[in-house]
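Participant: Following this line is work-v5.txt, made up of compact mmCIF, C-alpha atoms:
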# COMPACT_ATOMS: atom_id res chain seq x y z
CA MET A 1 -14.91 3.36 4.58
CA ARG A 2 -17.74 1.77 6.49
CA TRP A 3 -18.19 -0.40 3.43
CA MET A 4 -14.74 -1.84 3.85
CA HIS A 5 -15.81 -3.11 7.26
CA ALA A 6 -19.17 -4.26 5.90
CA ALA A 7 -17.27 -6.20 3.26
CA GLY A 8 -15.28 -7.80 6.05
CA ARG A 9 -18.45 -8.80 7.85
CA GLY A 10 -20.04 -10.11 4.65
CA LEU A 11 -16.82 -11.94 3.84
CA LEU A 12 -17.07 -14.13 6.90
CA VAL A 13 -20.79 -14.69 6.49
CA LEU A 14 -20.13 -16.05 3.04
CA VAL A 15 -17.27 -18.27 4.03
CA VAL A 16 -19.82 -20.67 5.44
CA VAL A 17 -22.71 -20.17 3.04
CA MET A 18 -21.23 -22.40 0.35
CA THR A 19 -19.55 -24.89 2.65
CA GLY A 20 -19.36 -27.68 0.11
CA TYR A 21 -17.74 -25.63 -2.60
CA THR A 22 -14.08 -25.01 -3.41
CA ALA A 23 -12.50 -23.39 -6.44
CA SER A 24 -11.48 -26.77 -7.86
CA GLY A 25 -14.92 -28.25 -7.25
CA ALA A 26 -13.54 -30.60 -4.60
CA ARG A 27 -13.99 -30.54 -0.86
CA ALA A 28 -11.16 -29.00 1.12
CA ASP A 29 -10.78 -31.87 3.58
CA GLU A 30 -8.12 -33.66 1.56
CA GLY A 31 -5.54 -33.11 4.29
CA THR A 32 -2.61 -30.77 4.27
CA ALA A 33 -0.24 -30.62 1.34
CA SER A 34 2.70 -28.43 0.50
CA GLY A 35 1.67 -24.82 1.09
CA ARG A 36 -1.58 -25.83 2.77
CA GLY A 37 -2.65 -25.51 6.36
CA PRO A 38 -4.35 -23.22 8.89
CA LEU A 39 -4.81 -19.52 8.15
CA THR A 40 -5.57 -16.31 9.95
CA LEU A 41 -7.78 -13.73 8.28
CA ALA A 42 -7.55 -10.10 9.40
CA THR A 43 -10.47 -7.77 8.85
CA GLY A 44 -12.30 -4.85 10.43
CA GLY A 45 -14.13 -5.40 13.70
CA ASP A 46 -17.23 -7.61 13.86
CA LEU A 47 -20.08 -5.34 14.86
CA THR A 48 -22.73 -8.04 14.70
CA GLY A 49 -21.40 -10.75 17.00
CA TYR A 50 -22.48 -13.70 14.86
CA LEU A 51 -19.44 -14.20 12.63
CA GLY A 52 -17.57 -16.45 15.03
CA PRO A 53 -20.21 -19.21 14.98
CA LEU A 54 -20.45 -18.97 11.19
CA LEU A 55 -16.69 -19.30 10.85
CA GLU A 56 -16.91 -22.52 12.84
CA GLY A 57 -19.07 -23.92 10.02
CA TRP A 58 -16.30 -23.22 7.51
CA ASN A 59 -13.73 -24.87 9.72
CA ARG A 60 -15.82 -28.04 10.09
CA THR A 61 -15.64 -28.62 6.33
CA HIS A 62 -12.01 -27.53 5.99
CA PRO A 63 -10.32 -29.31 8.91
CA GLY A 64 -6.86 -29.08 7.38
CA GLU A 65 -7.15 -25.40 6.45
CA LYS A 66 -8.96 -23.84 9.36
CA VAL A 67 -9.33 -20.06 9.29
CA THR A 68 -8.98 -18.07 12.49
CA LEU A 69 -10.58 -14.63 12.52
CA VAL A 70 -8.49 -11.72 13.75
CA GLU A 71 -10.80 -8.80 14.42
CA LEU A 72 -9.30 -5.33 14.23
CA PRO A 73 -11.03 -2.08 15.29
CA ASP A 74 -14.09 -0.84 13.46
CA SER A 75 -12.32 2.39 12.52
CA ALA A 76 -10.69 2.15 9.07
CA ASP A 77 -7.74 4.27 10.20
CA GLU A 78 -7.13 2.03 13.21
CA THR A 79 -7.52 -1.13 11.11
CA HIS A 80 -4.95 0.21 8.67
CA ALA A 81 -2.57 1.14 11.48
CA GLN A 82 -2.77 -2.28 13.12
CA MET A 83 -2.32 -4.12 9.83
CA VAL A 84 0.73 -2.03 9.01
CA THR A 85 2.25 -2.60 12.45
CA ASP A 86 1.75 -6.34 12.13
CA LEU A 87 3.06 -6.57 8.56
CA ARG A 88 6.21 -4.69 9.49
CA GLY A 89 7.00 -7.63 11.75
CA GLY A 90 7.89 -9.71 8.69
CA ASP A 91 7.84 -13.42 9.39
CA ARG A 92 6.51 -12.70 12.88
CA SER A 93 3.24 -11.42 11.41
CA ARG A 94 0.04 -13.03 12.68
CA PHE A 95 -1.93 -12.42 9.48
CA ASP A 96 -2.04 -14.69 6.43
CA VAL A 97 -4.96 -13.21 4.48
CA LEU A 98 -5.97 -9.55 4.73
CA ASN A 99 -9.27 -7.98 3.80
CA ILE A 100 -8.06 -4.53 2.79
CA ASP A 101 -9.61 -1.37 1.47
CA VAL A 102 -9.09 -1.18 -2.29
CA ASN A 103 -6.80 1.80 -1.93
CA TRP A 104 -4.35 0.10 0.38
CA THR A 105 -3.24 -2.33 -2.34
CA SER A 106 -0.62 0.00 -3.82
CA GLU A 107 0.80 0.93 -0.44
CA PHE A 108 1.04 -2.67 0.80
CA ALA A 109 2.48 -3.91 -2.51
CA ALA A 110 5.11 -1.16 -2.73
CA ALA A 111 6.20 -1.94 0.83
CA GLY A 112 6.62 -5.64 0.00
CA TRP A 113 4.02 -6.71 2.56
CA ILE A 114 1.74 -8.65 0.21
CA ARG A 115 2.76 -11.14 -2.44
CA PRO A 116 2.04 -10.96 -6.18
CA LEU A 117 -0.57 -13.46 -7.33
CA PRO A 118 -0.80 -15.50 -10.55
CA ARG A 119 -3.50 -14.00 -12.75
CA ASP A 120 -4.43 -17.35 -14.26
CA ARG A 121 -5.50 -18.71 -10.88
CA PHE A 122 -8.46 -16.33 -10.68
CA PRO A 123 -11.28 -15.70 -13.21
CA LEU A 124 -10.51 -12.00 -13.62
CA LYS A 125 -12.21 -11.78 -17.03
CA THR A 126 -15.55 -12.52 -15.37
CA PHE A 127 -15.16 -9.55 -13.02
CA LEU A 128 -16.27 -5.99 -13.67
CA GLN A 129 -13.07 -4.77 -15.29
CA PRO A 130 -12.59 -1.47 -13.40
CA VAL A 131 -12.35 -3.36 -10.11
CA VAL A 132 -9.40 -5.41 -11.34
CA GLY A 133 -7.35 -2.23 -11.55
CA THR A 134 -7.75 -1.67 -7.81
CA ALA A 135 -5.94 -4.95 -7.18
CA THR A 136 -2.86 -4.19 -9.28
CA TYR A 137 0.34 -2.29 -8.69
CA ASP A 138 3.14 -1.76 -11.20
CA ASP A 139 1.19 -3.92 -13.69
CA ARG A 140 1.16 -6.94 -11.37
CA LEU A 141 -1.77 -8.52 -9.51
CA TYR A 142 -1.30 -8.18 -5.75
CA ALA A 143 -4.84 -8.89 -4.53
CA VAL A 144 -8.17 -10.25 -5.71
CA PRO A 145 -11.26 -8.02 -5.71
CA TYR A 146 -13.87 -9.30 -3.29
CA ALA A 147 -16.54 -6.60 -3.03
CA THR A 148 -16.82 -3.43 -5.05
CA ASN A 149 -18.69 -0.19 -4.68
CA ALA A 150 -19.51 3.05 -6.44
CA GLY A 151 -21.21 6.20 -5.30
CA LEU A 152 -24.81 6.91 -6.31
CA LEU A 153 -27.05 9.95 -6.08
CA LEU A 154 -30.06 9.07 -3.96
CA TYR A 155 -33.09 11.34 -4.32
CA ARG A 156 -36.67 11.72 -3.14
CA LYS A 157 -38.56 10.48 -6.18
CA ASP A 158 -41.91 11.37 -4.64
CA ILE A 159 -40.97 15.04 -4.37
CA LEU A 160 -39.42 15.27 -7.82
CA ALA A 161 -42.50 13.55 -9.29
CA THR A 162 -44.77 16.08 -7.58
CA GLU A 163 -42.67 18.88 -9.08
CA GLY A 164 -42.61 17.21 -12.50
CA VAL A 165 -38.80 17.24 -12.51
CA PRO A 166 -36.52 14.35 -13.53
CA PRO A 167 -33.56 13.43 -11.34
CA PRO A 168 -30.57 15.67 -12.05
CA ARG A 169 -27.93 14.67 -14.57
CA THR A 170 -25.72 17.76 -14.21
CA TRP A 171 -24.37 19.86 -11.40
CA ALA A 172 -26.43 22.81 -12.60
CA GLU A 173 -29.65 20.79 -12.33
CA LEU A 174 -28.66 19.49 -8.91
CA GLU A 175 -27.91 23.01 -7.65
CA ARG A 176 -31.16 24.40 -9.07
CA ASP A 177 -33.32 21.70 -7.49
CA ALA A 178 -31.44 21.82 -4.19
CA LYS A 179 -31.93 25.59 -4.03
CA THR A 180 -35.54 25.85 -5.21
CA ILE A 181 -37.35 22.56 -4.53
CA ALA A 182 -35.83 21.42 -1.24
CA PRO A 183 -36.84 24.54 0.76
CA LYS A 184 -40.47 24.17 -0.39
CA TYR A 185 -40.63 20.88 1.48
CA GLY A 186 -38.57 21.95 4.47
CA LEU A 187 -35.57 19.91 3.35
CA ASP A 188 -31.86 20.51 3.00
CA GLY A 189 -30.65 20.28 -0.56
CA TYR A 190 -27.63 18.04 -0.92
CA ALA A 191 -25.07 16.22 1.22
CA GLY A 192 -22.23 13.80 0.93
CA GLN A 193 -19.53 12.69 3.34
CA PHE A 194 -17.75 15.95 4.15
CA LEU A 195 -16.16 15.39 7.56
CA PRO A 196 -12.37 15.44 7.10
CA TYR A 197 -11.73 11.70 6.90
CA GLU A 198 -11.45 9.22 4.03
CA GLY A 199 -14.99 9.99 2.89
CA LEU A 200 -14.05 13.59 2.11
CA THR A 201 -11.15 12.34 -0.01
CA VAL A 202 -13.62 10.21 -1.94
CA ASN A 203 -16.12 13.05 -2.43
CA ALA A 204 -13.37 15.46 -3.51
CA ALA A 205 -11.87 12.95 -5.93
CA GLU A 206 -15.31 12.34 -7.47
CA ALA A 207 -15.80 16.07 -7.99
CA VAL A 208 -12.40 16.41 -9.67
CA TYR A 209 -12.87 13.26 -11.78
CA SER A 210 -16.37 14.33 -12.83
CA ALA A 211 -14.89 17.55 -14.23
CA ASP A 212 -12.43 15.41 -16.25
CA GLY A 213 -9.54 16.13 -13.92
CA SER A 214 -7.13 13.93 -11.99
CA ILE A 215 -5.03 14.14 -8.83
CA LEU A 216 -2.00 11.88 -9.32
CA GLY A 217 -0.49 9.93 -12.19
CA ASP A 218 2.16 7.25 -12.68
CA GLU A 219 1.40 5.40 -9.42
CA GLY A 220 1.78 8.62 -7.44
CA ALA A 221 5.02 9.79 -9.04
CA ARG A 222 3.40 12.68 -10.90
CA VAL A 223 1.08 15.37 -9.50
CA THR A 224 -1.71 16.29 -11.94
CA VAL A 225 -4.18 18.14 -9.72
CA ASN A 226 -3.20 21.71 -10.67
CA SER A 227 -5.84 22.12 -13.36
CA ALA A 228 -8.98 24.00 -14.28
CA ALA A 229 -10.93 20.74 -13.78
CA ALA A 230 -9.77 20.43 -10.17
CA ARG A 231 -10.65 24.06 -9.48
CA GLU A 232 -14.10 23.45 -10.98
CA GLY A 233 -14.68 20.29 -8.93
CA ILE A 234 -13.57 21.71 -5.60
CA GLY A 235 -15.36 24.93 -6.43
CA PHE A 236 -18.60 22.98 -6.85
CA LEU A 237 -18.37 21.68 -3.29
CA ALA A 238 -17.27 25.00 -1.80
CA ARG A 239 -20.03 26.89 -3.61
CA GLY A 240 -22.65 24.53 -2.21
CA VAL A 241 -21.72 25.33 1.37
CA ARG A 242 -21.33 29.05 0.67
CA GLU A 243 -24.74 29.30 -1.01
CA GLY A 244 -26.46 27.02 1.51
CA TRP A 245 -27.74 24.21 -0.69
CA ILE A 246 -25.17 22.05 1.07
CA PRO A 247 -26.02 22.55 4.76
CA LYS A 248 -23.15 23.35 7.09
CA LYS A 249 -24.08 20.38 9.25
CA ALA A 250 -23.04 18.19 6.31
CA LEU A 251 -19.43 19.15 7.12
CA THR A 252 -19.79 16.74 10.07
CA TYR A 253 -21.25 13.84 8.06
CA LYS A 254 -19.68 10.46 7.45
CA GLU A 255 -21.54 7.66 5.64
CA GLU A 256 -23.84 6.77 8.47
CA GLU A 257 -24.72 10.32 9.54
CA SER A 258 -25.52 11.35 5.98
CA LYS A 259 -27.57 8.20 5.40
CA GLN A 260 -29.54 8.85 8.58
CA ALA A 261 -30.29 12.43 7.57
CA PHE A 262 -31.66 11.21 4.25
CA GLN A 263 -33.53 8.28 5.79
CA ASP A 264 -35.15 10.57 8.37
CA GLY A 265 -36.52 12.75 5.57
CA HIS A 266 -34.22 15.76 5.95
CA LEU A 267 -32.49 15.72 2.54
CA LEU A 268 -33.61 15.95 -1.06
CA PHE A 269 -30.36 14.57 -2.51
CA LEU A 270 -27.58 12.40 -1.05
CA ARG A 271 -24.34 11.04 -2.41
CA ASN A 272 -23.66 7.68 -0.74
CA TRP A 273 -22.87 4.02 -1.37
CA PRO A 274 -25.62 1.55 -2.34
CA TYR A 275 -26.01 0.30 1.23
CA ALA A 276 -27.73 3.60 2.03
CA TYR A 277 -30.36 2.85 -0.64
CA VAL A 278 -30.93 -0.62 0.82
CA VAL A 279 -31.29 0.62 4.40
CA ALA A 280 -33.42 3.66 3.52
CA SER A 281 -35.73 1.42 1.45
CA ALA A 282 -36.24 -1.14 4.20
CA LYS A 283 -39.57 -1.68 5.91
CA GLY A 284 -40.07 0.89 8.63
CA SER A 285 -37.90 3.56 7.06
CA PRO A 286 -39.68 6.95 6.88
CA VAL A 287 -38.77 7.22 3.17
CA ALA A 288 -39.30 3.59 2.14
CA GLY A 289 -40.78 3.41 -1.35
CA ARG A 290 -40.08 7.10 -1.98
CA ILE A 291 -36.45 7.08 -3.09
CA GLY A 292 -34.59 6.54 -6.33
CA ALA A 293 -30.96 6.26 -7.39
CA VAL A 294 -29.09 7.59 -10.42
CA PRO A 295 -25.41 8.01 -11.33
CA LEU A 296 -23.63 10.96 -9.79
CA PRO A 297 -24.06 14.12 -11.86
CA GLY A 298 -21.17 16.06 -13.38
CA PRO A 299 -20.70 19.45 -15.04
CA HIS A 300 -22.15 18.39 -18.40
CA GLY A 301 -23.82 15.04 -17.73
CA PRO A 302 -23.27 11.94 -15.60
CA GLY A 303 -20.16 12.28 -13.47
CA THR A 304 -17.55 9.82 -12.26
CA SER A 305 -17.63 7.81 -9.05
CA VAL A 306 -14.67 6.60 -7.05
CA LEU A 307 -14.39 2.86 -6.75
CA GLY A 308 -14.90 1.54 -3.25
CA GLY A 309 -14.96 -1.94 -1.80
CA SER A 310 -12.34 -4.35 -0.55
CA ASN A 311 -9.66 -6.66 -1.92
CA LEU A 312 -8.24 -9.87 -0.50
CA ALA A 313 -4.45 -10.04 -0.27
CA VAL A 314 -1.96 -12.65 0.91
CA ASN A 315 0.82 -11.73 3.33
CA THR A 316 4.31 -12.13 1.85
CA HIS A 317 5.12 -14.24 4.91
CA ALA A 318 1.88 -16.28 4.88
CA ARG A 319 2.40 -19.68 6.48
CA HIS A 320 0.35 -21.56 3.89
CA PRO A 321 0.13 -19.54 0.66
CA ASP A 322 -1.61 -22.27 -1.33
CA SER A 323 -4.44 -22.46 1.19
CA ALA A 324 -4.62 -18.67 1.14
CA ALA A 325 -4.99 -18.64 -2.65
CA ARG A 326 -7.66 -21.36 -2.46
CA LEU A 327 -9.59 -19.25 0.02
CA LEU A 328 -9.38 -16.23 -2.29
CA ALA A 329 -10.64 -18.29 -5.25
CA TYR A 330 -13.51 -19.64 -3.17
CA LEU A 331 -14.61 -16.24 -1.95
CA THR A 332 -14.66 -14.81 -5.47
CA SER A 333 -16.50 -17.76 -7.02
CA GLU A 334 -19.89 -16.95 -8.54
CA PRO A 335 -21.97 -18.88 -5.96
CA VAL A 336 -20.32 -17.02 -3.10
CA GLN A 337 -20.39 -13.70 -4.93
CA ARG A 338 -24.13 -14.10 -5.33
CA GLN A 339 -24.35 -14.39 -1.56
CA VAL A 340 -22.19 -11.27 -1.21
CA LEU A 341 -25.15 -9.40 -2.66
CA THR A 342 -28.15 -11.31 -1.33
CA ARG A 343 -26.91 -11.86 2.22
CA GLY A 344 -24.49 -9.00 2.67
CA ALA A 345 -26.08 -6.33 0.45
CA LEU A 346 -22.56 -5.73 -0.89
CA PRO A 347 -21.94 -5.12 -4.60
CA PRO A 348 -20.27 -8.24 -6.00
CA VAL A 349 -17.35 -8.23 -8.44
CA ARG A 350 -18.82 -10.79 -10.85
CA ALA A 351 -20.21 -8.93 -13.87
CA ALA A 352 -22.91 -11.47 -14.76
CA LEU A 353 -24.73 -10.95 -11.48
CA TYR A 354 -25.62 -7.39 -12.46
CA GLN A 355 -27.70 -8.73 -15.36
CA ASP A 356 -29.52 -11.47 -13.46
CA PRO A 357 -33.28 -10.74 -13.70
CA GLU A 358 -34.05 -12.25 -10.31
CA LEU A 359 -31.39 -10.16 -8.60
CA ILE A 360 -32.53 -7.00 -10.39
CA ARG A 361 -36.06 -7.56 -9.10
CA ARG A 362 -34.70 -7.73 -5.56
CA PHE A 363 -32.15 -4.95 -6.02
CA PRO A 364 -33.54 -2.53 -8.62
CA TYR A 365 -30.52 -0.22 -8.39
CA LEU A 366 -28.20 -2.86 -9.91
CA PRO A 367 -28.26 -1.55 -13.51
CA THR A 368 -27.50 1.97 -12.28
CA LEU A 369 -24.75 0.66 -10.03
CA ARG A 370 -23.23 -1.40 -12.84
CA GLU A 371 -23.02 1.71 -15.01
CA SER A 372 -21.49 3.71 -12.17
CA ILE A 373 -18.88 1.02 -11.56
CA ARG A 374 -18.15 0.70 -15.28
CA THR A 375 -17.17 4.38 -15.49
CA ALA A 376 -15.67 4.67 -11.99
CA GLN A 377 -12.04 5.40 -11.22
CA PRO A 378 -9.85 4.36 -8.29
CA ARG A 379 -8.65 6.87 -5.76
CA PRO A 380 -5.19 8.26 -6.50
CA LYS A 381 -2.70 5.40 -6.45
CA SER A 382 0.35 6.05 -4.31
CA PRO A 383 2.67 4.07 -2.04
CA ARG A 384 2.09 6.93 0.41
CA TYR A 385 -1.66 7.00 0.02
CA ASP A 386 -2.34 7.62 3.71
CA GLN A 387 -0.38 10.89 3.47
CA VAL A 388 -2.05 11.81 0.18
CA SER A 389 -5.50 11.33 1.66
CA LEU A 390 -4.74 13.43 4.74
CA VAL A 391 -3.55 16.31 2.56
CA VAL A 392 -6.64 16.14 0.32
CA GLN A 393 -8.93 16.16 3.37
CA ALA A 394 -7.24 19.15 4.97
CA VAL A 395 -7.12 21.27 1.84
CA VAL A 396 -10.67 20.52 0.66
CA GLN A 397 -12.03 21.16 4.15
CA ASP A 398 -10.43 24.62 4.09
CA ALA A 399 -12.04 25.31 0.73
CA MET A 400 -15.48 24.14 1.87
CA THR A 401 -15.36 26.14 5.08
CA GLY A 402 -14.35 29.28 3.20
CA HIS A 403 -10.86 29.55 4.69
CA GLU A 404 -9.34 29.29 1.23
CA THR A 405 -10.60 29.94 -2.30
CA PRO A 406 -10.88 26.89 -4.57
CA ALA A 407 -8.05 28.25 -6.73
CA ALA A 408 -5.76 28.76 -3.75
CA ALA A 409 -6.73 25.35 -2.39
CA VAL A 410 -5.77 23.62 -5.64
CA ASP A 411 -2.41 25.44 -5.75
CA ARG A 412 -1.70 24.40 -2.17
CA LEU A 413 -2.82 20.83 -2.85
CA ALA A 414 -0.43 20.57 -5.79
CA ARG A 415 2.49 21.82 -3.67
CA GLU A 416 1.81 19.50 -0.75
CA LEU A 417 1.28 16.46 -2.97
CA ALA A 418 4.53 17.22 -4.79
CA ALA A 419 6.31 17.30 -1.43
CA ILE A 420 4.92 13.83 -0.62
CA SER A 421 5.88 12.44 -4.03
CA ASN A 422 9.47 13.73 -3.70
CA ARG A 423 10.14 12.15 -0.31
Please express the file's structure as structure tokens.
Facilitator:
Amino acid sequence: MRWMHAAGRGLLVLVVVMTGYTASGARADEGTASGRGPLTLATGGDLTGYLGPLLEGWNRTHPGEKVTLVELPDSADETHAQMVTDLRGGDRSRFDVLNIDVNWTSEFAAAGWIRPLPRDRFPLKTFLQPVVGTATYDDRLYAVPYATNAGLLLYRKDILATEGVPPPRTWAELERDAKTIAPKYGLDGYAGQFLPYEGLTVNAAEAVYSADGSILGDEGARVTVNSAAAREGIGFLARGVREGWIPKKALTYKEEESKQAFQDGHLLFLRNWPYAYVVASAKGSPVAGRIGAVPLPGPHGPGTSVLGGSNLAVNTHARHPDSAARLLAYLTSEPVQRQVLTRGALPPVRAALYQDPELIRRFPYLPTLRESIRTAQPRPKSPRYDQVSLVVQAVVQDAMTGHETPAAAVDRLARELAAISNR
């Protein structure tokens, strides 16, 4: 979820990068017209302290459509809670445009809090197609993808090269190397984000998807998790902790803690978002120049990542919906999307940027990331996603800590998800 907040920070950086550009090619100082005027943009908290001055640059070139930043807490759960509280106020809401986690789209759309958008106003065909699905609900477009993400397997390429072993493509290869190679170098084998929070939902969903399973169908109306694939996926995670190639300390890891363990040279393999590759490769990192990235492994070959990132949505009660749509078009234009990557280190939604030779030289993981995004799947869609995620976290944690067998955990998960769907 940290990436949702990073997307929010990158979002505001980019608002001012291309100050002369609008979606129509004209400047936005034409005065107010019907549906145009000032906006508020709600996003996760600004951890850097420099977004306010940058937003002033945007406002200087858009005097009739000034954007006011509303900073919410850095915690994704708290951001979600405050957005929901505000949106329930109807026409008293403060927020016009919302930078939301991709998996909140269904919830917000089903509740009537965000308005459907005309597909022909946005160049959706130029986007990576899987990301468009995160912005739809009930076959209608309710948001516009802004930044995307997919999980990667980071690995110590120096150690695997010394051992003469290629990076793993299957779970069996990952387990073997984590058990046999990592201890030789005093390392832990494998980690992801296994603290019971949204990251554990993501890791569990990836394990189930990689085994060709699913969790929910029909926009959350049908429970599909009670399957051999789900038992295999959750069993993979539980077995890792039981056998020790996933260290028990990893049960306390979120994105940043797991990235730090890898960056400090304590892990052979790490599942994380691309930002971890960028940070761990930076000058001064203990593992700079010694890491690689490949798609997540699965039971029989490359596995399936969960789509991450953020979408931009317009409040049903937005004061100036035309200005809001213009802002969305601007932020998803190719010039700005290029800056999403180069200035924000966030994966853009424009497909062509993943094949740009100059960008690939700067960000060598782009071809791998493009493939991971191409085959990625969204988290389970549900109008009650917050409840779904909490149930997944609790059940999978019990399986990983040995309080429940994977088979019993899947049975329980199916029952509890059915109870949510029937409410």
Participant: What's the separation between CA of Ala42 (chain A) and CA of Ser93 (chain A), in Å to one decimal place?
Facilitator: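 Pair CA of Ala42 (chain A) / CA of Ser93 (chain A) returns 11.1 Å.
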Participant: Could you give me, as a VMD selection string, the residues that have an atom at most 10 Å away from the point (-38.0, 14.3, -6.1) in the coordinates of the file, using all atoms listed in the file?
Facilitator: chain A and resid 154 to 168 177 181 to 182 268 to 269 290 to 292
Participant: Of the candidates A:Ile420, A:Leu312, A:Lys125, A:Ser281, which one gets nearest to Tyr385 (chain A) if we count only C-alpha atoms?
Facilitator: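 So, comparing all the options, the nearest one is A:Ile420.
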Participant: At a cut-off of 6 Å, using all atoms listed in the file, what residues contact Leu307 (chain A)? Leave out same-chain residues fewer than 2 positions from it and give the result as JSON, numbers by chain.
Facilitator: {"A": [149, 150, 376, 377, 378]}
Participant: Please measure the separation of CA of Gly133 (chain A) and CA of Ala276 (chain A), giving the value in Å to one decimal.
Facilitator: 25.2 Å
Participant: Kindly give the distance, in Å, that separates CA of Arg370 (chain A) and CA of Ala293 (chain A), rounded to a single decimal.
Facilitator: 12.2 Å
Participant: Select all residues near (2.4, 16.3, 5.8) (cut-off 12 Å, inclusive, file coordinates), counting only C-alpha atoms, and output them as a count of residues only.
Facilitator: 21
Participant: Name all residues at most 6 Å from Ala238 (chain A) (count all atoms listed in the file; drop same-chain ones fewer than 3 positions away) and give them as a list in words.
Facilitator: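 Those residues are Gly235, Val241, Ala399 and Met400 of chain A.
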Participant: Would you kindly return, as an NGL selection string, each protein, DNA or RNA residue with an atom no farther than 8 Å from any atom of Asp101 (chain A), considering all atoms listed in the file and excluding same-chain residues fewer than 2 positions away?
Facilitator: :A and (1 or 4 or 99 or 103-105 or 308-311)
Participant: Which is closest to Pro383 (chain A) among A:Ala229, A:Ile100, A:Ala221, A:Ala282, if we use all atoms listed in the file?
Facilitator: A:Ala221
Participant: Go through A:Leu153, A:Leu41, A:Ala204, A:Val336 one by one, measure the shortest atom-to-atom distance of each to Pro406 (chain A) using only C-alpha atoms, and give the residue with the smallest value.
Facilitator: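 Closest residue, counting only C-alpha atoms: A:Ala204.
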Participant: Nearest to Leu331 (chain A) among A:Leu200, A:Gly298, A:Pro364, A:Val349, with distances taken over all atoms listed in the file: which residue is it?
Facilitator: A:Val349
Participant: Please provide the set of residues having any atom within 6 Å of region 67-76 of chain A, restricted to only C-alpha atoms, with same-chain residues fewer than 2 positions apart removed, written as a PyMOL selection string.
Facilitator: chain A and resi 38-45+78-79
Participant: From the options A:Ser382, A:Gln355, A:Thr405, A:Ser227, which residue's atoms come nearest to Asn422 (chain A), counting all atoms listed in the file?
Facilitator: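 Residue with the minimum atom-to-atom distance to Asn422 (chain A): A:Ser382.
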Participant: So that I can check the surroundings of Thr368 (chain A), please list as a PDB file with C-alpha atoms, in the frame of the given file every protein, DNA and RNA residue that reaches within 8 Å of it, counting only C-alpha atoms and ignoring chain neighbours fewer than 2 positions away.
Facilitator:
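Produced file selection_4.pdb, reproduced below:
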ATOM      1  CA  ALA A 293     -30.960   6.260  -7.390  1.00  0.00           C
ATOM      2  CA  VAL A 294     -29.090   7.590 -10.420  1.00  0.00           C
ATOM      3  CA  PRO A 295     -25.410   8.010 -11.330  1.00  0.00           C
ATOM      4  CA  TYR A 365     -30.520  -0.220  -8.390  1.00  0.00           C
ATOM      5  CA  LEU A 366     -28.200  -2.860  -9.910  1.00  0.00           C
ATOM      6  CA  ARG A 370     -23.230  -1.400 -12.840  1.00  0.00           C
ATOM      7  CA  GLU A 371     -23.020   1.710 -15.010  1.00  0.00           C
ATOM      8  CA  SER A 372     -21.490   3.710 -12.170  1.00  0.00           C
TER       9      SER A 372
END
